[in-house]
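Q: What follows is entry_23.txt; its format and atoms are compact mmCIF, C-alpha atoms.
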# COMPACT_ATOMS: atom_id res chain seq x y z
CA MET A 1 -93.45 15.73 -16.35
CA LYS A 2 -89.91 17.09 -16.65
CA PHE A 3 -86.89 15.35 -15.17
CA LEU A 4 -83.33 16.57 -14.72
CA CYS A 5 -80.44 14.13 -14.98
CA GLY A 6 -77.47 15.36 -12.96
CA LEU A 7 -73.97 14.44 -14.14
CA ASP A 8 -70.73 14.78 -12.18
CA GLU A 9 -67.35 13.07 -11.89
CA ALA A 10 -64.94 12.09 -9.15
CA GLY A 11 -61.26 11.40 -9.50
CA ARG A 12 -59.90 13.88 -12.03
CA GLY A 13 -56.96 14.83 -9.83
CA PRO A 14 -55.54 11.49 -8.62
CA LEU A 15 -52.31 9.96 -9.89
CA ALA A 16 -53.77 6.45 -9.94
CA GLY A 17 -56.98 4.56 -10.62
CA PRO A 18 -60.02 5.39 -12.72
CA VAL A 19 -62.12 8.48 -13.07
CA ALA A 20 -65.74 7.83 -12.09
CA ALA A 21 -68.96 9.63 -12.97
CA GLY A 22 -72.49 9.50 -11.68
CA ALA A 23 -75.80 10.22 -13.39
CA VAL A 24 -78.88 10.69 -11.22
CA ILE A 25 -82.55 11.46 -11.87
CA LEU A 26 -84.36 12.23 -8.63
CA PRO A 27 -88.05 11.60 -7.96
CA PRO A 28 -90.13 14.70 -7.11
CA ASP A 29 -90.41 13.68 -3.44
CA PHE A 30 -86.70 13.00 -2.83
CA PRO A 31 -85.48 14.36 0.55
CA VAL A 32 -82.90 16.79 -0.85
CA GLN A 33 -81.81 17.96 2.61
CA TYR A 34 -79.48 14.92 2.67
CA LEU A 35 -77.62 16.10 -0.44
CA ASN A 36 -74.66 18.39 -0.99
CA ASP A 37 -71.52 18.48 -3.09
CA SER A 38 -69.79 15.21 -2.13
CA LYS A 39 -66.63 17.12 -1.10
CA LYS A 40 -68.64 18.97 1.57
CA LEU A 41 -70.04 15.81 3.18
CA SER A 42 -68.31 13.53 5.66
CA ALA A 43 -67.66 9.94 4.52
CA LYS A 44 -70.46 8.76 6.83
CA LYS A 45 -72.99 11.25 5.39
CA ARG A 46 -71.92 10.39 1.82
CA LEU A 47 -72.56 6.70 2.43
CA ALA A 48 -75.95 7.39 4.01
CA ALA A 49 -76.90 9.61 1.06
CA GLU A 50 -75.66 6.98 -1.42
CA ILE A 51 -77.99 4.36 0.10
CA LEU A 52 -80.94 6.75 -0.18
CA ILE A 53 -80.07 7.73 -3.78
CA LYS A 54 -79.73 4.11 -4.91
CA GLU A 55 -82.99 3.18 -3.18
CA LYS A 56 -85.15 6.03 -4.51
CA ALA A 57 -83.53 7.57 -7.62
CA CYS A 58 -82.78 6.41 -11.14
CA TRP A 59 -78.99 6.31 -11.32
CA GLY A 60 -76.00 5.16 -13.31
CA ILE A 61 -72.26 5.06 -12.73
CA GLY A 62 -69.39 4.96 -15.19
CA PHE A 63 -65.68 4.23 -14.75
CA VAL A 64 -62.84 4.95 -17.17
CA ASP A 65 -59.55 3.32 -16.26
CA HIS A 66 -56.01 4.71 -16.04
CA GLU A 67 -54.96 3.34 -19.45
CA VAL A 68 -57.77 5.18 -21.26
CA ILE A 69 -57.03 8.32 -19.22
CA ASP A 70 -53.41 8.17 -20.42
CA ARG A 71 -54.54 7.62 -24.00
CA ILE A 72 -57.29 10.25 -24.39
CA ASN A 73 -56.50 12.69 -21.49
CA ILE A 74 -58.35 13.24 -18.23
CA LEU A 75 -60.93 15.71 -19.56
CA GLN A 76 -62.06 13.38 -22.35
CA ALA A 77 -62.01 10.42 -19.95
CA SER A 78 -64.21 12.35 -17.47
CA LEU A 79 -66.71 13.18 -20.21
CA TYR A 80 -66.69 9.56 -21.37
CA ALA A 81 -67.37 8.37 -17.80
CA MET A 82 -70.35 10.78 -17.69
CA GLN A 83 -71.58 9.37 -21.00
CA LEU A 84 -71.39 5.80 -19.64
CA ALA A 85 -73.18 6.79 -16.42
CA CYS A 86 -75.93 8.60 -18.34
CA GLU A 87 -76.45 5.65 -20.69
CA MET A 88 -76.89 3.37 -17.67
CA ALA A 89 -79.41 5.73 -16.03
CA LEU A 90 -81.40 6.17 -19.26
CA LEU A 91 -81.58 2.38 -19.72
CA LYS A 92 -83.10 2.07 -16.24
CA PHE A 93 -85.41 5.08 -16.62
CA PRO A 94 -88.53 3.43 -18.16
CA SER A 95 -88.67 0.64 -15.55
CA TRP A 96 -87.93 3.16 -12.76
CA LEU A 97 -90.89 5.28 -13.89
CA LYS A 98 -93.11 2.21 -13.88
CA GLU A 99 -91.94 0.99 -10.47
CA ASN A 100 -92.67 4.43 -9.03
CA HIS A 101 -96.06 4.78 -10.78
CA MET A 102 -94.93 7.80 -12.78
CA GLU A 103 -95.68 6.51 -16.31
CA GLU A 104 -97.72 8.96 -18.32
CA ASP A 105 -99.48 8.82 -21.68
CA VAL A 106 -97.07 11.47 -22.93
CA ALA A 107 -93.36 10.59 -22.69
CA PRO A 108 -91.68 12.52 -19.89
CA GLU A 109 -89.03 15.09 -20.81
CA ILE A 110 -85.48 14.56 -19.63
CA GLU A 111 -82.58 16.95 -19.94
CA ALA A 112 -79.17 16.79 -18.32
CA VAL A 113 -76.94 19.25 -16.51
CA ALA A 114 -73.24 18.45 -16.20
CA ASP A 115 -70.94 19.96 -13.62
CA GLY A 116 -68.14 21.86 -15.31
CA THR A 117 -67.60 23.66 -18.60
CA PHE A 118 -68.05 20.78 -21.06
CA CYS A 119 -70.92 18.43 -21.90
CA PRO A 120 -70.53 14.73 -22.63
CA LYS A 121 -71.93 13.23 -25.84
CA ILE A 122 -75.26 11.85 -24.68
CA ALA A 123 -78.65 11.06 -26.20
CA ILE A 124 -80.52 13.85 -24.39
CA ARG A 125 -80.14 17.62 -24.34
CA CYS A 126 -77.37 18.65 -21.98
CA ARG A 127 -76.04 21.91 -20.62
CA CYS A 128 -72.92 22.40 -18.55
CA GLN A 129 -72.49 24.68 -15.58
CA PRO A 130 -69.51 25.25 -13.29
CA LYS A 131 -70.34 24.54 -9.63
CA ALA A 132 -73.55 22.74 -10.62
CA ASP A 133 -72.80 20.31 -7.78
CA ALA A 134 -73.58 23.16 -5.35
CA LEU A 135 -76.78 24.24 -7.14
CA TYR A 136 -78.73 21.24 -8.43
CA PRO A 137 -79.75 18.30 -6.20
CA PRO A 138 -79.46 15.72 -9.04
CA VAL A 139 -75.86 16.86 -9.68
CA MET A 140 -75.12 16.71 -5.93
CA ALA A 141 -76.48 13.14 -5.96
CA ALA A 142 -74.35 12.29 -9.01
CA SER A 143 -71.24 13.63 -7.26
CA ILE A 144 -72.02 11.46 -4.24
CA ILE A 145 -72.39 8.17 -6.11
CA ALA A 146 -69.32 8.91 -8.24
CA LYS A 147 -67.22 9.62 -5.14
CA THR A 148 -68.45 6.68 -3.05
CA GLY A 149 -68.18 4.30 -6.01
CA ARG A 150 -64.63 5.37 -6.81
CA ASP A 151 -63.53 5.31 -3.16
CA ARG A 152 -64.88 1.76 -2.80
CA LEU A 153 -62.93 0.65 -5.88
CA MET A 154 -59.70 2.25 -4.63
CA ILE A 155 -60.11 0.42 -1.30
CA GLU A 156 -60.38 -2.84 -3.27
CA TYR A 157 -57.22 -1.89 -5.19
CA ASP A 158 -55.45 -1.42 -1.87
CA SER A 159 -55.67 -5.17 -1.21
CA VAL A 160 -54.67 -6.02 -4.80
CA TYR A 161 -51.65 -3.67 -4.74
CA PRO A 162 -50.58 -3.51 -1.08
CA GLY A 163 -48.01 -0.98 -0.03
CA TYR A 164 -49.36 1.93 -2.09
CA GLY A 165 -51.81 3.21 0.52
CA TYR A 166 -54.81 3.40 -1.83
CA ALA A 167 -57.31 2.84 0.99
CA ARG A 168 -56.01 6.01 2.67
CA HIS A 169 -55.34 8.51 -0.12
CA LYS A 170 -57.53 6.94 -2.90
CA GLY A 171 -54.81 7.70 -5.45
CA TYR A 172 -54.75 11.47 -4.84
CA PRO A 173 -51.34 13.20 -5.03
CA THR A 174 -50.58 13.31 -1.32
CA PRO A 175 -46.93 13.56 -0.18
CA GLU A 176 -47.26 9.95 1.05
CA HIS A 177 -48.45 8.70 -2.35
CA LYS A 178 -45.71 10.54 -4.23
CA LYS A 179 -43.05 9.19 -1.84
CA ILE A 180 -44.29 5.59 -2.25
CA CYS A 181 -44.20 5.94 -6.05
CA ARG A 182 -40.64 7.28 -5.95
CA GLU A 183 -39.54 4.43 -3.70
CA LYS A 184 -41.47 1.51 -5.21
CA GLY A 185 -42.07 2.73 -8.74
CA PRO A 186 -45.53 3.07 -10.28
CA SER A 187 -48.25 0.56 -9.45
CA PRO A 188 -50.13 -1.20 -12.28
CA ILE A 189 -52.98 1.34 -11.98
CA GLN A 190 -50.81 4.45 -12.06
CA ARG A 191 -51.67 7.25 -14.52
CA LEU A 192 -48.35 7.52 -16.30
CA SER A 193 -49.27 10.71 -18.16
CA PHE A 194 -49.60 12.63 -14.85
CA ARG A 195 -46.73 14.60 -13.29
CA TYR A 196 -45.24 13.25 -10.06
As C-alpha cells, how would this structure be written, given the file I've shared?
A:
Amino acid sequence: MKFLCGLDEAGRGPLAGPVAAGAVILPPDFPVQYLNDSKKLSAKKRLAAEILIKEKACWGIGFVDHEVIDRINILQASLYAMQLACEMALLKFPSWLKENHMEEDVAPEIEAVADGTFCPKIAIRCRCQPKADALYPPVMAASIIAKTGRDRLMIEYDSVYPGYGYARHKGYPTPEHKKICREKGPSPIQRLSFRY
C-alpha cells in the first residue's frame, strides 16, 4: 500500500509569532470533500476539518519560533517546521496503521509532497510542488492543521501580550498591527528581521 504525506506551512508572512507546519497521511476512506486549501475555508469549516483530520489521519505539527526565524530566515524556518511535523507523523505512523488495521506483511511505502518550491530534509522521499495545497488532499489537510494550530497559539499569545491584537490579526502585517508596533514598540514575539 502506498501513502502520501502532505506537508504545508502557515505563517510565513506575519510580523510576529512562529511559523507552523503540518504533515498529514490520510487513510484511503477519508472524506476528502471536507478539505481544501486552508485559506479558502472559513474558520468554522477549518475547525471542523481539523477535528476530522486529527480523528482519522496520521498527523504531525511543527512550530519554529520568531527567534529561530530571525536567525535562519523564514524559508529555512518553514522547511524546518515541515521537518518537525513530518518526524512527528512518521513516529505515529506504525501505531496508526495498527489501530486502523492496515498493517501488512510488506512495509507500506510512504513518500511526501511539500507545497512550494523547496523540500525539507526528511527521512522519506519528497517532492515539492507549487499550489500543492489545491491539488493533493493530504497537503490540504496539512495546511488546515498548520493554520488552525498557529491561530490557536496566536490567540494564546494575545492574553500573554495584551494590546497587540494577536487574537484578531494573528501577527499578520495589517495596518492595525503595524500601527500598534510603531506606538508600543515590538512585542517579545516580534520577528525583528521583518520590515515594518
Q: Considering all atoms listed in the file, state which residue in the set A:Lys39, A:Arg168, A:Lys147, A:Arg125 is at the smallest distance from Gly62 of chain A.
A: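 Distance minimum relative to Gly62 of chain A lands on A:Lys147.
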Q: I'd like the interatomic distance between atom CA of Glu176 of chain A and atom CA of Val68 of chain A, to a tenth of an Å.
A: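 Straight-line distance from atom CA of Glu176 of chain A to atom CA of Val68 of chain A works out to 25.1 Å.
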Q: I want to know what sits within 12 Å of Glu67 of chain A, based on all atoms listed in the file, with residues of the same chain fewer than 5 positions away left out; could you give that as an MDAnalysis selection string?
A: chainID A and resid 15:19 72:74 77 188:194
Q: So, counting all atoms listed in the file, which residue among A:Asp133, A:Ile53, A:Met102, A:Asp70 is closest to Lys40 of chain A?
A: A:Asp133
Q: Can you tell me, as a list in words, what residues are no more than 8 Å from Lys2 of chain A when counting only C-alpha atoms, ignoring any on the same chain fewer than 2 positions away?
A: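 Result of the neighbour search: Leu4, Pro108, Glu109 and Ile110 of chain A.
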Q: Atoms to include: C-alpha atoms. Write the selected residues as a short mmCIF file (atom, residue, chain, number, x, y, z; two decimals), in the frame of the given file.
A:
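This is the output file selection.cif:
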data_model
loop_
_atom_site.label_atom_id
_atom_site.label_comp_id
_atom_site.auth_asym_id
_atom_site.auth_seq_id
_atom_site.Cartn_x
_atom_site.Cartn_y
_atom_site.Cartn_z
CA LEU A 4 -83.33 16.57 -14.72
CA PRO A 108 -91.68 12.52 -19.89
CA GLU A 109 -89.03 15.09 -20.81
CA ILE A 110 -85.48 14.56 -19.63
#
